[in-house]
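A.B. asks: query.pdb (PDB, C-alpha atoms and all ligand atoms) pasted underneath:
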ATOM      1  CA  MET I  21      31.403  32.724  -1.745
ATOM      2  CA  ARG I  22      32.848  29.326  -2.567
ATOM      3  CA  GLN I  23      31.472  25.980  -3.627
ATOM      4  CA  ARG I  24      30.644  23.430  -0.988
ATOM      5  CA  THR I  25      30.548  19.713  -0.494
ATOM      6  CA  ILE I  26      30.146  17.644   2.684
ATOM      7  CA  LYS I  27      32.896  16.922   5.201
ATOM      8  CA  LYS I  28      32.200  13.224   5.646
ATOM      9  CA  ALA I  29      30.086  10.488   4.111
ATOM     10  CA  VAL I  30      26.761   9.740   5.806
ATOM     11  CA  GLU I  31      23.939   7.317   5.110
ATOM     12  CA  LEU I  32      20.387   6.444   5.963
ATOM     13  CA  VAL I  33      17.844   3.767   5.119
ATOM     14  CA  GLY I  34      14.192   4.460   4.403
ATOM     15  CA  ILE I  35      11.217   3.142   2.482
ATOM     16  CA  GLY I  36      10.759   4.081  -1.165
ATOM     17  CA  LEU I  37       7.354   5.618  -1.810
ATOM     18  CA  HIS I  38       6.469   3.652  -4.929
ATOM     19  CA  LYS I  39       7.888   0.182  -4.383
ATOM     20  CA  GLY I  40       7.568   0.223  -0.616
ATOM     21  CA  VAL I  41      10.926  -1.503  -0.141
ATOM     22  CA  PRO I  42      13.877  -0.296   1.991
ATOM     23  CA  VAL I  43      16.396   1.865   0.120
ATOM     24  CA  LYS I  44      19.881   2.653   1.377
ATOM     25  CA  MET I  45      21.161   6.126   0.534
ATOM     26  CA  ARG I  46      24.743   7.241   1.074
ATOM     27  CA  LEU I  47      26.018  10.812   0.566
ATOM     28  CA  GLU I  48      29.700  11.300  -0.286
ATOM     29  CA  PRO I  49      31.821  14.414  -0.922
ATOM     30  CA  LEU I  50      32.765  15.342  -4.488
ATOM     31  CA  GLU I  51      35.448  17.713  -5.753
ATOM     32  CA  SER I  52      34.793  21.279  -7.017
ATOM     33  CA  ASN I  53      32.791  21.720 -10.227
ATOM     34  CA  SER I  54      31.408  18.155 -10.100
ATOM     35  CA  GLY I  55      27.835  19.181  -9.402
ATOM     36  CA  ILE I  56      25.287  16.798  -7.909
ATOM     37  CA  ARG I  57      25.561  13.248  -9.179
ATOM     38  CA  PHE I  58      23.490  10.152  -8.450
ATOM     39  CA  TYR I  59      25.036   6.694  -8.541
ATOM     40  CA  ARG I  60      22.818   3.622  -8.881
ATOM     41  CA  ARG I  61      25.056   1.077  -7.183
ATOM     42  CA  ASP I  62      22.798  -1.822  -8.233
ATOM     43  CA  LYS I  63      23.156  -0.826 -11.922
ATOM     44  CA  ASN I  64      26.675   0.667 -11.776
ATOM     45  CA  ARG I  65      25.456   3.835 -13.547
ATOM     46  CA  TYR I  66      25.835   7.556 -12.839
ATOM     47  CA  ILE I  67      23.139  10.181 -13.470
ATOM     48  CA  GLN I  68      24.070  13.861 -13.377
ATOM     49  CA  LEU I  69      21.534  16.241 -11.846
ATOM     50  CA  CYS I  70      20.445  18.695 -14.569
ATOM     51  CA  PRO I  71      17.168  19.725 -16.219
ATOM     52  CA  GLN I  72      18.031  17.808 -19.398
ATOM     53  CA  ASN I  73      18.062  14.528 -17.455
ATOM     54  CA  VAL I  74      14.504  14.854 -16.132
ATOM     55  CA  ILE I  75      12.376  12.073 -17.630
ATOM     56  CA  ASP I  76       9.144  12.262 -15.648
ATOM     57  CA  THR I  77       7.336  14.861 -13.524
ATOM     58  CA  LYS I  78       3.849  13.404 -13.120
ATOM     59  CA  MET I  79       3.944  12.479  -9.446
ATOM     60  CA  ALA I  80       7.516  13.349  -8.505
ATOM     61  CA  THR I  81      10.633  14.611 -10.215
ATOM     62  CA  VAL I  82      12.459  11.688 -11.841
ATOM     63  CA  ILE I  83      15.865  11.804 -13.546
ATOM     64  CA  GLY I  84      17.738   9.256 -15.608
ATOM     65  CA  GLU I  85      16.914   7.031 -18.541
ATOM     66  CA  LYS I  86      14.125   4.552 -19.033
ATOM     67  CA  ASP I  87      15.954   1.601 -17.478
ATOM     68  CA  VAL I  88      18.137   3.495 -14.981
ATOM     69  CA  LEU I  89      16.353   6.237 -13.105
ATOM     70  CA  VAL I  90      16.057   7.874  -9.713
ATOM     71  CA  SER I  91      12.595   8.911  -8.589
ATOM     72  CA  THR I  92      11.343  11.402  -5.982
ATOM     73  CA  ILE I  93      14.536  13.464  -5.801
ATOM     74  CA  GLU I  94      12.880  16.817  -4.968
ATOM     75  CA  HIS I  95      12.755  16.733  -1.155
ATOM     76  CA  LEU I  96      16.385  15.658  -0.881
ATOM     77  CA  MET I  97      17.430  18.275  -3.453
ATOM     78  CA  SER I  98      15.548  20.976  -1.572
ATOM     79  CA  ALA I  99      17.636  20.245   1.547
ATOM     80  CA  VAL I 100      20.874  19.996  -0.449
ATOM     81  CA  TYR I 101      20.226  23.392  -2.077
ATOM     82  CA  SER I 102      19.344  25.002   1.225
ATOM     83  CA  TYR I 103      22.613  23.859   2.772
ATOM     84  CA  GLY I 104      24.458  25.520  -0.125
ATOM     85  CA  ILE I 105      25.928  22.220  -1.333
ATOM     86  CA  ASP I 106      27.227  22.307  -4.912
ATOM     87  CA  ASN I 107      29.113  19.034  -5.187
ATOM     88  CA  LEU I 108      27.724  15.749  -3.899
ATOM     89  CA  LEU I 109      27.540  12.068  -4.782
ATOM     90  CA  ILE I 110      24.270  10.359  -3.863
ATOM     91  CA  VAL I 111      24.595   6.574  -3.867
ATOM     92  CA  LEU I 112      21.394   4.513  -4.001
ATOM     93  CA  ASP I 113      20.762   0.769  -4.205
ATOM     94  CA  ASN I 114      17.309   1.183  -5.750
ATOM     95  CA  ASP I 115      15.425   3.561  -8.052
ATOM     96  CA  GLU I 116      13.994   6.053  -5.574
ATOM     97  CA  VAL I 117      15.143   8.357  -2.817
ATOM     98  CA  PRO I 118      13.648   7.237   0.527
ATOM     99  CA  ILE I 119      10.455   9.159   1.276
ATOM    100  CA  MET I 120      11.191   9.418   5.051
ATOM    101  CA  ASP I 121       8.331  11.427   6.627
ATOM    102  CA  GLY I 122       7.326  13.079   3.316
ATOM    103  CA  SER I 123       9.208  16.292   4.114
ATOM    104  CA  ALA I 124      12.877  17.376   3.908
ATOM    105  CA  ILE I 125      13.687  17.392   7.613
ATOM    106  CA  ALA I 126      15.353  13.951   7.730
ATOM    107  CA  PHE I 127      17.707  15.050   4.941
ATOM    108  CA  CYS I 128      18.512  18.258   6.826
ATOM    109  CA  MET I 129      19.398  16.189   9.904
ATOM    110  CA  LEU I 130      21.599  13.972   7.735
ATOM    111  CA  LEU I 131      23.370  17.035   6.292
ATOM    112  CA  ASN I 132      23.866  18.381   9.809
ATOM    113  CA  GLU I 133      25.672  15.146  10.606
ATOM    114  CA  ALA I 134      27.750  15.302   7.387
ATOM    115  CA  GLN I 135      28.632  19.019   7.868
ATOM    116  CA  THR I 136      29.446  21.223   4.912
ATOM    117  CA  LEU I 137      32.958  21.930   3.653
ATOM    118  CA  GLU I 138      34.001  25.011   1.681
ATOM    119  CA  GLN I 139      36.041  24.270  -1.415
ATOM    120  CA  GLU I 140      38.479  26.285  -3.538
ATOM    121  CA  ALA I 141      36.332  27.042  -6.578
ATOM    122  CA  PRO I 142      34.015  30.077  -6.503
ATOM    123  CA  LYS I 143      30.292  29.408  -6.338
ATOM    124  CA  ARG I 144      28.337  30.229  -9.458
ATOM    125  CA  ILE I 145      25.179  32.268  -9.234
ATOM    126  CA  LEU I 146      22.400  32.350 -11.781
ATOM    127  CA  LYS I 147      21.043  35.888 -11.726
ATOM    128  CA  ILE I 148      17.640  36.432 -13.300
ATOM    129  CA  LYS I 149      17.658  39.525 -15.562
ATOM    130  CA  ARG I 150      14.162  39.433 -17.004
ATOM    131  CA  GLU I 151      10.970  37.529 -16.328
ATOM    132  CA  VAL I 152      10.564  34.013 -17.670
ATOM    133  CA  LYS I 153       7.122  32.486 -17.267
ATOM    134  CA  VAL I 154       5.428  29.205 -18.122
ATOM    135  CA  THR I 155       1.639  29.042 -18.098
ATOM    136  CA  GLN I 156      -0.891  26.250 -18.449
ATOM    137  CA  GLY I 157      -4.453  27.519 -18.367
ATOM    138  CA  GLU I 158      -4.670  29.624 -15.216
ATOM    139  CA  LYS I 159      -1.659  27.884 -13.658
ATOM    140  CA  PHE I 160       1.745  29.495 -13.936
ATOM    141  CA  VAL I 161       5.286  29.504 -12.609
ATOM    142  CA  ALA I 162       7.691  32.400 -13.159
ATOM    143  CA  LEU I 163      11.145  33.684 -12.290
ATOM    144  CA  LYS I 164      11.699  37.441 -12.019
ATOM    145  CA  PRO I 165      14.654  39.688 -11.203
ATOM    146  CA  TYR I 166      15.145  40.138  -7.449
ATOM    147  CA  GLU I 167      18.079  40.999  -5.205
ATOM    148  CA  GLY I 168      17.919  37.835  -3.146
ATOM    149  CA  LEU I 169      15.894  34.650  -3.435
ATOM    150  CA  GLN I 170      12.191  34.672  -2.773
ATOM    151  CA  PHE I 171       9.350  32.193  -3.281
ATOM    152  CA  ASP I 172       5.740  33.298  -3.569
ATOM    153  CA  PHE I 173       3.297  30.426  -3.982
ATOM    154  CA  THR I 174      -0.493  30.317  -4.149
ATOM    155  CA  ILE I 175      -2.595  27.165  -4.308
ATOM    156  CA  GLN I 176      -6.321  26.856  -4.724
ATOM    157  CA  PHE I 177      -8.162  23.604  -4.121
ATOM    158  CA  SER I 178     -11.912  23.151  -3.975
ATOM    159  CA  HIS I 179     -11.519  21.152  -0.780
ATOM    160  CA  PRO I 180     -12.905  22.184   2.632
ATOM    161  CA  VAL I 181      -9.526  21.770   4.380
ATOM    162  CA  ILE I 182      -7.171  23.337   1.807
ATOM    163  CA  GLY I 183      -9.022  26.049  -0.118
ATOM    164  CA  LYS I 184      -6.750  28.966  -1.028
ATOM    165  CA  GLU I 185      -3.331  29.231   0.598
ATOM    166  CA  LYS I 186      -0.577  31.732  -0.126
ATOM    167  CA  PHE I 187       2.923  31.825   1.325
ATOM    168  CA  ASN I 188       5.782  34.199   0.725
ATOM    169  CA  PHE I 189       9.198  32.884   1.706
ATOM    170  CA  GLU I 190      12.343  34.993   1.784
ATOM    171  CA  PHE I 191      15.018  32.332   1.462
ATOM    172  CA  THR I 192      17.590  31.712   4.170
ATOM    173  CA  LYS I 193      18.863  28.367   5.394
ATOM    174  CA  GLU I 194      17.527  29.070   8.889
ATOM    175  CA  GLY I 195      14.166  30.104   7.462
ATOM    176  CA  PHE I 196      14.073  26.919   5.412
ATOM    177  CA  LEU I 197      14.639  24.821   8.526
ATOM    178  CA  GLN I 198      11.992  26.636  10.542
ATOM    179  CA  GLU I 199       9.271  27.367   7.995
ATOM    180  CA  ILE I 200       9.590  24.923   5.083
ATOM    181  CA  ALA I 201      11.632  21.781   5.783
ATOM    182  CA  ARG I 202       9.009  20.001   7.934
ATOM    183  CA  ALA I 203       6.100  20.543   5.540
ATOM    184  CA  ARG I 204       4.942  17.141   4.249
ATOM    185  CA  THR I 205       3.741  16.069   0.852
ATOM    186  CA  PHE I 206       0.005  15.478   0.536
ATOM    187  CA  GLY I 207      -2.421  13.431  -1.476
ATOM    188  CA  PHE I 208      -6.062  12.499  -1.726
ATOM    189  CA  LEU I 209      -7.415   9.118  -0.687
ATOM    190  CA  HIS I 210      -9.002   8.384  -4.073
ATOM    191  CA  GLU I 211      -5.632   9.055  -5.764
ATOM    192  CA  VAL I 212      -3.818   6.788  -3.319
ATOM    193  CA  GLN I 213      -6.335   4.010  -3.985
ATOM    194  CA  TYR I 214      -5.909   4.421  -7.738
ATOM    195  CA  LEU I 215      -2.099   4.427  -7.496
ATOM    196  CA  ARG I 216      -2.168   1.274  -5.368
ATOM    197  CA  SER I 217      -4.322  -0.431  -7.982
ATOM    198  CA  GLN I 218      -1.566   0.438 -10.501
ATOM    199  CA  GLY I 219       1.122  -1.025  -8.243
ATOM    200  CA  LEU I 220       2.389   2.437  -7.245
ATOM    201  CA  ALA I 221       2.649   4.286  -3.932
ATOM    202  CA  LEU I 222       3.050   0.909  -2.201
ATOM    203  CA  GLY I 223       5.177   2.584   0.487
ATOM    204  CA  GLY I 224       2.729   5.461   0.955
ATOM    205  CA  SER I 225       1.078   5.787   4.355
ATOM    206  CA  LEU I 226       0.005   8.307   6.962
ATOM    207  CA  GLU I 227       3.644   8.081   8.151
ATOM    208  CA  ASN I 228       4.944   9.843   5.037
ATOM    209  CA  ALA I 229       2.146  12.016   3.660
ATOM    210  CA  ILE I 230      -0.858  14.055   4.645
ATOM    211  CA  VAL I 231      -3.806  12.134   3.228
ATOM    212  CA  LEU I 232      -7.215  13.742   2.739
ATOM    213  CA  ASP I 233     -10.577  12.244   1.929
ATOM    214  CA  ASP I 234     -13.367  14.425   0.506
ATOM    215  CA  LYS I 235     -13.909  16.244   3.779
ATOM    216  CA  LYS I 236     -10.992  15.955   6.164
ATOM    217  CA  ILE I 237      -7.404  15.077   6.955
ATOM    218  CA  LEU I 238      -7.014  11.398   7.870
ATOM    219  CA  ASN I 239      -3.753  11.787   9.822
ATOM    220  CA  PRO I 240      -4.596  11.642  13.535
ATOM    221  CA  GLU I 241      -1.815  14.129  14.406
ATOM    222  CA  GLY I 242      -3.233  16.795  12.052
ATOM    223  CA  LEU I 243      -1.030  19.442  10.423
ATOM    224  CA  ARG I 244       2.436  20.667  11.367
ATOM    225  CA  TYR I 245       1.700  24.186  10.082
ATOM    226  CA  GLU I 246      -1.795  25.465   9.427
ATOM    227  CA  ASP I 247      -0.737  26.192   5.821
ATOM    228  CA  GLU I 248       1.451  23.094   5.475
ATOM    229  CA  PHE I 249       0.212  22.378   1.919
ATOM    230  CA  VAL I 250       1.498  25.567   0.307
ATOM    231  CA  ARG I 251       4.716  25.414   2.320
ATOM    232  CA  HIS I 252       5.340  21.959   0.884
ATOM    233  CA  LYS I 253       4.842  23.362  -2.625
ATOM    234  CA  ILE I 254       7.675  25.809  -1.892
ATOM    235  CA  LEU I 255       9.808  22.929  -0.613
ATOM    236  CA  ASP I 256       9.185  21.159  -3.938
ATOM    237  CA  ALA I 257       9.934  24.314  -5.954
ATOM    238  CA  ILE I 258      13.308  24.811  -4.242
ATOM    239  CA  GLY I 259      14.199  21.210  -5.043
ATOM    240  CA  ASP I 260      13.039  21.493  -8.656
ATOM    241  CA  LEU I 261      14.894  24.774  -9.297
ATOM    242  CA  SER I 262      18.070  23.315  -7.784
ATOM    243  CA  LEU I 263      18.435  21.300 -10.990
ATOM    244  CA  LEU I 264      19.802  24.503 -12.527
ATOM    245  CA  GLY I 265      22.983  23.627 -10.622
ATOM    246  CA  MET I 266      23.689  27.097  -9.252
ATOM    247  CA  ALA I 267      22.570  29.418  -6.495
ATOM    248  CA  ILE I 268      19.627  31.388  -7.856
ATOM    249  CA  MET I 269      19.160  35.118  -7.533
ATOM    250  CA  GLY I 270      15.570  35.961  -8.339
ATOM    251  CA  ARG I 271      11.951  35.754  -7.295
ATOM    252  CA  TYR I 272       9.890  32.648  -8.009
ATOM    253  CA  GLU I 273       6.137  33.090  -8.281
ATOM    254  CA  ALA I 274       3.596  30.361  -8.790
ATOM    255  CA  PHE I 275      -0.106  29.779  -8.939
ATOM    256  CA  ALA I 276      -0.980  26.076  -8.729
ATOM    257  CA  GLY I 277       2.559  25.204  -9.828
ATOM    258  CA  SER I 278       3.706  21.607 -10.238
ATOM    259  CA  HIS I 279       6.838  19.556 -10.845
ATOM    260  CA  HIS I 280       5.906  19.586 -14.511
ATOM    261  CA  LEU I 281       5.688  23.395 -14.732
ATOM    262  CA  ASN I 282       8.859  23.826 -12.661
ATOM    263  CA  HIS I 283      10.689  21.555 -15.077
ATOM    264  CA  LEU I 284       9.398  23.500 -18.097
ATOM    265  CA  LEU I 285      10.484  26.716 -16.378
ATOM    266  CA  THR I 286      14.086  25.521 -15.975
ATOM    267  CA  LEU I 287      14.201  24.499 -19.654
ATOM    268  CA  GLU I 288      12.630  27.771 -20.798
ATOM    269  CA  LEU I 289      15.065  29.788 -18.699
ATOM    270  CA  LEU I 290      18.126  27.969 -20.060
ATOM    271  CA  LYS I 291      16.853  28.591 -23.598
ATOM    272  CA  SER I 292      16.394  32.320 -22.908
ATOM    273  CA  LYS I 293      20.026  33.404 -22.878
ATOM    274  CA  ASP I 294      19.127  37.068 -22.344
ATOM    275  CA  ALA I 295      17.028  36.291 -19.271
ATOM    276  CA  PHE I 296      19.928  35.475 -16.941
ATOM    277  CA  GLU I 297      23.633  35.809 -16.387
ATOM    278  CA  VAL I 298      26.003  33.525 -14.526
ATOM    279  CA  ILE I 299      28.264  35.333 -12.100
ATOM    280  CA  GLU I 300      30.937  34.305  -9.648
ATOM    281  CA  ALA I 301      30.095  36.083  -6.450
ATOM    282  CA  PRO I 302      32.390  37.757  -3.942
ATOM    283  CA  ALA I 303      32.668  36.249  -0.462
ATOM    284  CA  GLN I 304      29.935  38.219   1.298
ATOM    285  CA  TYR I 305      27.383  37.825  -1.454
ATOM    286  CA  SER I 306      25.409  34.945   0.049
ATOM    287  CA  GLN I 307      25.004  36.620   3.434
ATOM    288  CA  ARG I 308      23.930  39.898   1.885
ATOM    289  CA  PHE I 309      21.437  38.474  -0.541
ATOM    290  CA  ASN I 310      20.419  35.218   1.164
ATOM    291  CA  ILE I 311      20.617  33.132  -1.951
ATOM    292  CA  GLY I 312      22.774  30.247  -0.790
ATOM    293  CA  ALA I 313      23.276  28.862   2.668
ATOM    294  CA  ILE I 314      24.303  31.363   5.291
ATOM    295  CA  LYS I 315      27.629  30.450   6.801
ATOM    296  CA  THR I 316      27.035  28.857  10.152
ATOM    297  CA  ALA I 317      29.660  28.215  12.816
TER     298      ALA I 317
HETATM  299 ZN    ZN W 401       6.940  17.109  -2.585
END
Do you think you could lay out the structure here as structure tokens?
Ligand SMILES: [Zn+2]
C.D. replies:
Amino acid sequence: MRQRTIKKAVELVGIGLHKGVPVKMRLEPLESNSGIRFYRRDKNRYIQLCPQNVIDTKMATVIGEKDVLVSTIEHLMSAVYSYGIDNLLIVLDNDEVPIMDGSAIAFCMLLNEAQTLEQEAPKRILKIKREVKVTQGEKFVALKPYEGLQFDFTIQFSHPVIGKEKFNFEFTKEGFLQEIARARTFGFLHEVQYLRSQGLALGGSLENAIVLDDKKILNPEGLRYEDEFVRHKILDAIGDLSLLGMAIMGRYEAFAGSHHLNHLLTLELLKSKDAFEVIEAPAQYSQRFNIGAIKTA
């Protein structure tokens, strides 16, 4: 099992969720052991993807510093993780990743076009050895030992359309594409109205989110999966855990998890040196345990 980058540079243009302006994003290969790195072309500054560089998790996962940041990275990172990509340069000419349709599918299509390339260095795997858990009231997120990679998410909203949803996802790249990647982000109309009044979510629309009022879904096309909300929470969790910078071997469990709790979980895990080990896996490891991308022809 070796590290991966992409074979060729690819790019797309999309609207940023918060400013509502077009953002150009270009993906370029990077050499082994580089990790995932953002480059703000307009500021000539690099930001390395790692938990320590997270500066905000209120509405999206944001990395960087106060004056040079990249917002809403989680859907892109979820796709990048699922394709088993370890080394990648992400060039942006503004401070947010394009929102596209609010899911990860556009990024998957872009990675299909770029194709992955195996590199010389062995892939590193973060193997969970004991449970690490972060709780906030009745909410929690946790990582537990598991021979593979699994996500078990439960959400509970007092809303007639959402209510309680639970989804268990045994990670594979193919499973991600079929069951998770198309699940869109969601928000409530009163939140959207508040954000707009604060000059945020200016690019938000029914084209890039499921929007609900007090009773129903406002999108005329309805849902893509009947439990699209909880599937999107798993999409977010994969993206947020990818900041650990390695393939993960373990089971993630969450009740009402959030970007904030996911971020605290990565920090707590890295602090708990006895809770994990980093291993370099033999070639067949990813296929056997489904923790990184399965090799596709
Ligand atoms: Zn999301």
A.B. asks: Between I:Val111, I:Val181, I:Ala29, I:Ile148, which one has atoms that come closest to I:Asn132, using only C-alpha atoms?
C.D. replies: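 Of I:Val111, I:Val181, I:Ala29, I:Ile148, the one nearest I:Asn132, counting only C-alpha atoms, is I:Ala29.
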A.B. asks: Using all atoms listed in the file, determine which residues fall within 10 Å of ligand ZN 401 (chain W), then list them as a PDB file with C-alpha atoms, in the coordinates of the input.
C.D. replies:
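As written to disk, result_10.pdb reads:
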ATOM      1  CA  MET I  79       3.944  12.479  -9.446  1.00  0.00           C
ATOM      2  CA  ALA I  80       7.516  13.349  -8.505  1.00  0.00           C
ATOM      3  CA  THR I  81      10.633  14.611 -10.215  1.00  0.00           C
ATOM      4  CA  THR I  92      11.343  11.402  -5.982  1.00  0.00           C
ATOM      5  CA  ILE I  93      14.536  13.464  -5.801  1.00  0.00           C
ATOM      6  CA  GLU I  94      12.880  16.817  -4.968  1.00  0.00           C
ATOM      7  CA  HIS I  95      12.755  16.733  -1.155  1.00  0.00           C
ATOM      8  CA  LEU I  96      16.385  15.658  -0.881  1.00  0.00           C
ATOM      9  CA  SER I  98      15.548  20.976  -1.572  1.00  0.00           C
ATOM     10  CA  ILE I 119      10.455   9.159   1.276  1.00  0.00           C
ATOM     11  CA  GLY I 122       7.326  13.079   3.316  1.00  0.00           C
ATOM     12  CA  SER I 123       9.208  16.292   4.114  1.00  0.00           C
ATOM     13  CA  ALA I 124      12.877  17.376   3.908  1.00  0.00           C
ATOM     14  CA  ALA I 203       6.100  20.543   5.540  1.00  0.00           C
ATOM     15  CA  ARG I 204       4.942  17.141   4.249  1.00  0.00           C
ATOM     16  CA  THR I 205       3.741  16.069   0.852  1.00  0.00           C
ATOM     17  CA  PHE I 206       0.005  15.478   0.536  1.00  0.00           C
ATOM     18  CA  ALA I 229       2.146  12.016   3.660  1.00  0.00           C
ATOM     19  CA  PHE I 249       0.212  22.378   1.919  1.00  0.00           C
ATOM     20  CA  ARG I 251       4.716  25.414   2.320  1.00  0.00           C
ATOM     21  CA  HIS I 252       5.340  21.959   0.884  1.00  0.00           C
ATOM     22  CA  LYS I 253       4.842  23.362  -2.625  1.00  0.00           C
ATOM     23  CA  ILE I 254       7.675  25.809  -1.892  1.00  0.00           C
ATOM     24  CA  LEU I 255       9.808  22.929  -0.613  1.00  0.00           C
ATOM     25  CA  ASP I 256       9.185  21.159  -3.938  1.00  0.00           C
ATOM     26  CA  ALA I 257       9.934  24.314  -5.954  1.00  0.00           C
ATOM     27  CA  GLY I 259      14.199  21.210  -5.043  1.00  0.00           C
ATOM     28  CA  ASP I 260      13.039  21.493  -8.656  1.00  0.00           C
ATOM     29  CA  SER I 278       3.706  21.607 -10.238  1.00  0.00           C
ATOM     30  CA  HIS I 279       6.838  19.556 -10.845  1.00  0.00           C
TER      31      HIS I 279
END
A.B. asks: Which neighbours of I:Asp172 fall inside 10 Å, counting all atoms listed in the file, when residues of the same chain fewer than 4 positions from it are skipped, and could you give them as a list in words?
C.D. replies: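 The residues satisfying every condition are Val161, Ala162, Lys186, Phe187, Asn188, Phe189, Glu190, Val250, Arg251, Ile254, Arg271, Tyr272, Glu273, Ala274 and Phe275 of chain I.
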A.B. asks: Measuring atom to atom with all atoms listed in the file, identify which of I:Leu197, I:Arg22, I:Gly104, I:Lys147 is nearest to I:Met129.
C.D. replies: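 Using all atoms listed in the file, the shortest distance to I:Met129 belongs to I:Leu197.
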A.B. asks: Rank nothing, just name the residue among I:Met120, I:Leu264, I:Leu285, I:Leu137 nearest to I:Leu37, using only C-alpha atoms.
C.D. replies: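 Of the candidates, the smallest distance to I:Leu37 is held by I:Met120.
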A.B. asks: Would you compute the distance between atom CA of I:Ile125 and atom CA of I:Leu226? Give it in Å to one decimal.
C.D. replies: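 Rounded to one decimal, the two atoms are 16.4 Å apart.
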A.B. asks: Find the residues near I:Ile268: any atom within 7 Å, counting all atoms listed in the file, skip ones fewer than 5 places away on the same chain, and give them as a PyMOL selection string.
C.D. replies: chain I and resi 145-147+169+311
A.B. asks: Please, what distance in Å, to one decimal, runs between atom CA of I:His210 and atom CA of I:Lys236?
C.D. replies: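 Between these atoms lies a distance of 12.9 Å.
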A.B. asks: Just how far from atom CA of I:Tyr166 is atom CA of I:Gln139, in Å to one decimal?
C.D. replies: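 It comes out at 26.9 Å.
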A.B. asks: Nearest to I:Val82: which of I:Leu112, I:Leu281, I:Val117, I:Leu238 is it, counting only C-alpha atoms?
C.D. replies: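 That would be I:Val117, the residue with the smallest distance to I:Val82.
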A.B. asks: I'd like to know which of I:Ala126, I:Ile182, I:Ala201, I:Leu215 is closest to I:Glu246, using all atoms listed in the file.
C.D. replies: I:Ile182
A.B. asks: Considering all atoms listed in the file, can you say which of I:Asn107, I:Ser52, I:Gln198, I:Thr155 comes closest to I:Tyr245?
C.D. replies: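 Checking each candidate against I:Tyr245, we get I:Gln198 as the closest.
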A.B. asks: Got a sec to resolve the PyMOL selection byres (((chain I and resi 289) around 12) and not hetatm) on this structure and send the residues as JSON, numbers by chain?
C.D. replies: {"I": [71, 146, 147, 148, 149, 150, 151, 152, 153, 154, 161, 162, 163, 164, 261, 263, 264, 268, 282, 283, 284, 285, 286, 287, 288, 290, 291, 292, 293, 294, 295, 296, 297]}
A.B. asks: Counting all atoms listed in the file, select every polymer residue within 6 Å of (-1.7, 28.4, -12.0) as defined in the file's coordinates, and provide the selection as a list in words.
C.D. replies: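 The distance filter leaves exactly Glu158, Lys159, Phe160, Phe275, Ala276 and Gly277 of chain I.
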A.B. asks: Residue by residue, what does the PyMOL selection byres (((chain I and resi 59) around 10) and not hetatm) grab here? Present the result as an mmCIF file with C-alpha atoms, in the coordinates of the input.
C.D. replies:
data_model
loop_
_atom_site.group_PDB
_atom_site.id
_atom_site.type_symbol
_atom_site.label_atom_id
_atom_site.label_comp_id
_atom_site.auth_asym_id
_atom_site.auth_seq_id
_atom_site.Cartn_x
_atom_site.Cartn_y
_atom_site.Cartn_z
ATOM 1 C CA MET I 45 21.161 6.126 0.534
ATOM 2 C CA ARG I 46 24.743 7.241 1.074
ATOM 3 C CA ARG I 57 25.561 13.248 -9.179
ATOM 4 C CA PHE I 58 23.490 10.152 -8.450
ATOM 5 C CA ARG I 60 22.818 3.622 -8.881
ATOM 6 C CA ARG I 61 25.056 1.077 -7.183
ATOM 7 C CA ASP I 62 22.798 -1.822 -8.233
ATOM 8 C CA LYS I 63 23.156 -0.826 -11.922
ATOM 9 C CA ASN I 64 26.675 0.667 -11.776
ATOM 10 C CA ARG I 65 25.456 3.835 -13.547
ATOM 11 C CA TYR I 66 25.835 7.556 -12.839
ATOM 12 C CA ILE I 67 23.139 10.181 -13.470
ATOM 13 C CA GLN I 68 24.070 13.861 -13.377
ATOM 14 C CA VAL I 88 18.137 3.495 -14.981
ATOM 15 C CA LEU I 89 16.353 6.237 -13.105
ATOM 16 C CA VAL I 90 16.057 7.874 -9.713
ATOM 17 C CA LEU I 109 27.540 12.068 -4.782
ATOM 18 C CA ILE I 110 24.270 10.359 -3.863
ATOM 19 C CA VAL I 111 24.595 6.574 -3.867
ATOM 20 C CA LEU I 112 21.394 4.513 -4.001
ATOM 21 C CA ASP I 113 20.762 0.769 -4.205
ATOM 22 C CA ASN I 114 17.309 1.183 -5.750
#
A.B. asks: Taking the file as shown, find all residues satisfying the PyMOL selection byres (((chain I and resi 232) around 8) and not hetatm) and write them as a PyMOL selection string.
C.D. replies: chain I and resi 206-209+230-231+233-238
A.B. asks: Can those selected residues be exported to a file as a PDB file, keeping the file's coordinate frame so that it contains C-alpha atoms?
C.D. replies:
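Result file selection-v8.pdb:
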ATOM      1  CA  PHE I 206       0.005  15.478   0.536  1.00  0.00           C
ATOM      2  CA  GLY I 207      -2.421  13.431  -1.476  1.00  0.00           C
ATOM      3  CA  PHE I 208      -6.062  12.499  -1.726  1.00  0.00           C
ATOM      4  CA  LEU I 209      -7.415   9.118  -0.687  1.00  0.00           C
ATOM      5  CA  ILE I 230      -0.858  14.055   4.645  1.00  0.00           C
ATOM      6  CA  VAL I 231      -3.806  12.134   3.228  1.00  0.00           C
ATOM      7  CA  ASP I 233     -10.577  12.244   1.929  1.00  0.00           C
ATOM      8  CA  ASP I 234     -13.367  14.425   0.506  1.00  0.00           C
ATOM      9  CA  LYS I 235     -13.909  16.244   3.779  1.00  0.00           C
ATOM     10  CA  LYS I 236     -10.992  15.955   6.164  1.00  0.00           C
ATOM     11  CA  ILE I 237      -7.404  15.077   6.955  1.00  0.00           C
ATOM     12  CA  LEU I 238      -7.014  11.398   7.870  1.00  0.00           C
TER      13      LEU I 238
END
A.B. asks: So which residues are close to (-4.4, 27.5, -4.0), meaning at most 7 Å away in the file's coordinates with all atoms listed in the file counted, and can you show them as JSON, numbers by chain?
C.D. replies: {"I": [174, 175, 176, 177, 183, 184, 185, 186, 275, 276]}
